[in-house]
Every structure is written in structure tokens, then in C-alpha cells.
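Participant: Below are the C-alpha cells for one structure; questions will follow.
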Amino acid sequence: MEEKKDRRKQNTLLLVLIGIAIALTAYFQFYLSENASEVKTEVSELVQKYNKNCPLDIQEGIRLDSVNLPQKELVQYNLTLLNVEKQVAEVDVIQKEIEKSLVSTAKANPGLQVFRDNDFTLVYHYTDKKKAFLFDVKILPDQYK
């Protein structure tokens, strides 16, 4: 008789725990879904704002042409090096110098906070003045946090 009561209590407790686990899972799924939707909206609005100002000379010889979101949690900046022509440029040297500069700039740029907070990868896509592809620089979230 005691064993049946103990087993019944255990079963009841187990069912209550399962019910709580299901409720918590549903709540967090809904919460994370809402949060992801808000982030997506915020990022999309930010990209639209960037694009309204494009093309934009962001530094002497560097123009931001557009910004896009080609994949989830990836933002791509499309830039033109206005004083570079692929056939005569030392592309490897230019790329190394730009990579060094971009990581430190990405860490300090308050405009990238939403990307930092949400683990976005940054891709900087460079072309020369004739729109010939030069190189991409990819900065992973842990590199600029």
C-alpha cells in the first residue's frame, strides 16, 4: 500500500516536472522567436539607413557603395577603392593593411553594436575603380567583440 502511494507521488511529481519543462520550453521558444524578430527588424532598418546614404565616401579613396544581408547573421559592406586598379596594384599588400585596420575599427565603432550584440560576421567586399573584384575581408564575431 505504501509502495503504491510512493509510486503515485513519484509519478505525480514526474508529471508536474515534465509539465513545467514543457511550459518553460514553450515560453523561451516564444521569447527567443520574438527577440530574433526584433533583431532582424533592427538590423534590416540599419542596413536600409546605410543604403540611403550610399554611395558614401567614408575615407579618402574608399567609397561605401552598399550594404546587404546575404545570409543570416552576416552583413556585407560593398566598397570601392577609388585610387586602385587591379592590374597594377599590389592587392596582397593592400589587403593586409586594410585587414589590420578593419579589426581595430570594428571593435571601436559604436555603429556596429547591434552586430556585436547578435554575433554577426562582417564581410567587407572590395572592388577597384573599374568594379573588378579585389578581395573580401571577413571578420568573425569573436574578432571584434
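Labeling convention for the C-alpha cells: chains A, B, ... as they appear, residues from 1 per chain, ligands from 1 in order of appearance.
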Near segment 99-108 of chain A, counting only C-alpha atoms, which residues have an atom at most 12 Å away, once you skip same-chain residues fewer than 4 positions from it, shown as number ranges by chain?

Facilitator: A: 77, 92-95, 112-117, 120-126, 135-145

Participant: Could you write out, as an MDAnalysis selection string, all the residues of segment 46-118 of chain A that DSSP marks as helix (DSSP H, G or I)?

Facilitator: chainID A and resid 46:52 91:108 110:117

Participant: Can you list, as a short mmCIF file (atom, residue, chain, number, x, y, z; two decimals) with C-alpha atoms, in the first residue's frame, every protein, DNA or RNA residue that comes within 7 Å of segment 129-131 of chain A when you count only C-alpha atoms, leaving out same-chain residues fewer than 5 positions away?

Facilitator:
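Output file out10.cif follows:
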```cif
data_model
loop_
_atom_site.label_atom_id
_atom_site.label_comp_id
_atom_site.auth_asym_id
_atom_site.auth_seq_id
_atom_site.Cartn_x
_atom_site.Cartn_y
_atom_site.Cartn_z
CA THR A 80 35.30 50.58 -53.94
CA LEU A 81 38.94 51.56 -53.70
CA LEU A 82 38.79 54.65 -55.90
CA ASN A 83 42.54 55.00 -56.48
CA VAL A 84 43.27 51.33 -57.18
CA GLU A 85 43.34 49.44 -60.45
#
```

Participant: Quick check, in Å to one decimal: how far apart do atom CA of Asn118 of chain A and atom CA of Lys72 of chain A lie?

Facilitator: 10.8 Å

Participant: Hey, what's within 12 Å of Asn68 of chain A if we count only C-alpha atoms and toss same-chain stuff fewer than 3 positions away? As an MDAnalysis selection string, please?

Facilitator: chainID A and resid 43:51 54 64:65 71:79 122:125

Participant: Just list the residues in segment 21-115 of chain A DSSP gives strand (DSSP E) on the backbone, as a VMD selection string.

Facilitator: chain A and resid 56 to 59 62 to 71 74 to 81

Participant: So how far away is atom CA of Pro110 of chain A from atom CA of Leu134 of chain A, in Å?

Facilitator: 27.4 Å

Participant: Hey, can you check how far atom CA of Thr41 of chain A sits from atom CA of Leu69 of chain A?

Facilitator: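 Separating atom CA of Thr41 of chain A from atom CA of Leu69 of chain A is a distance of 11.9 Å.
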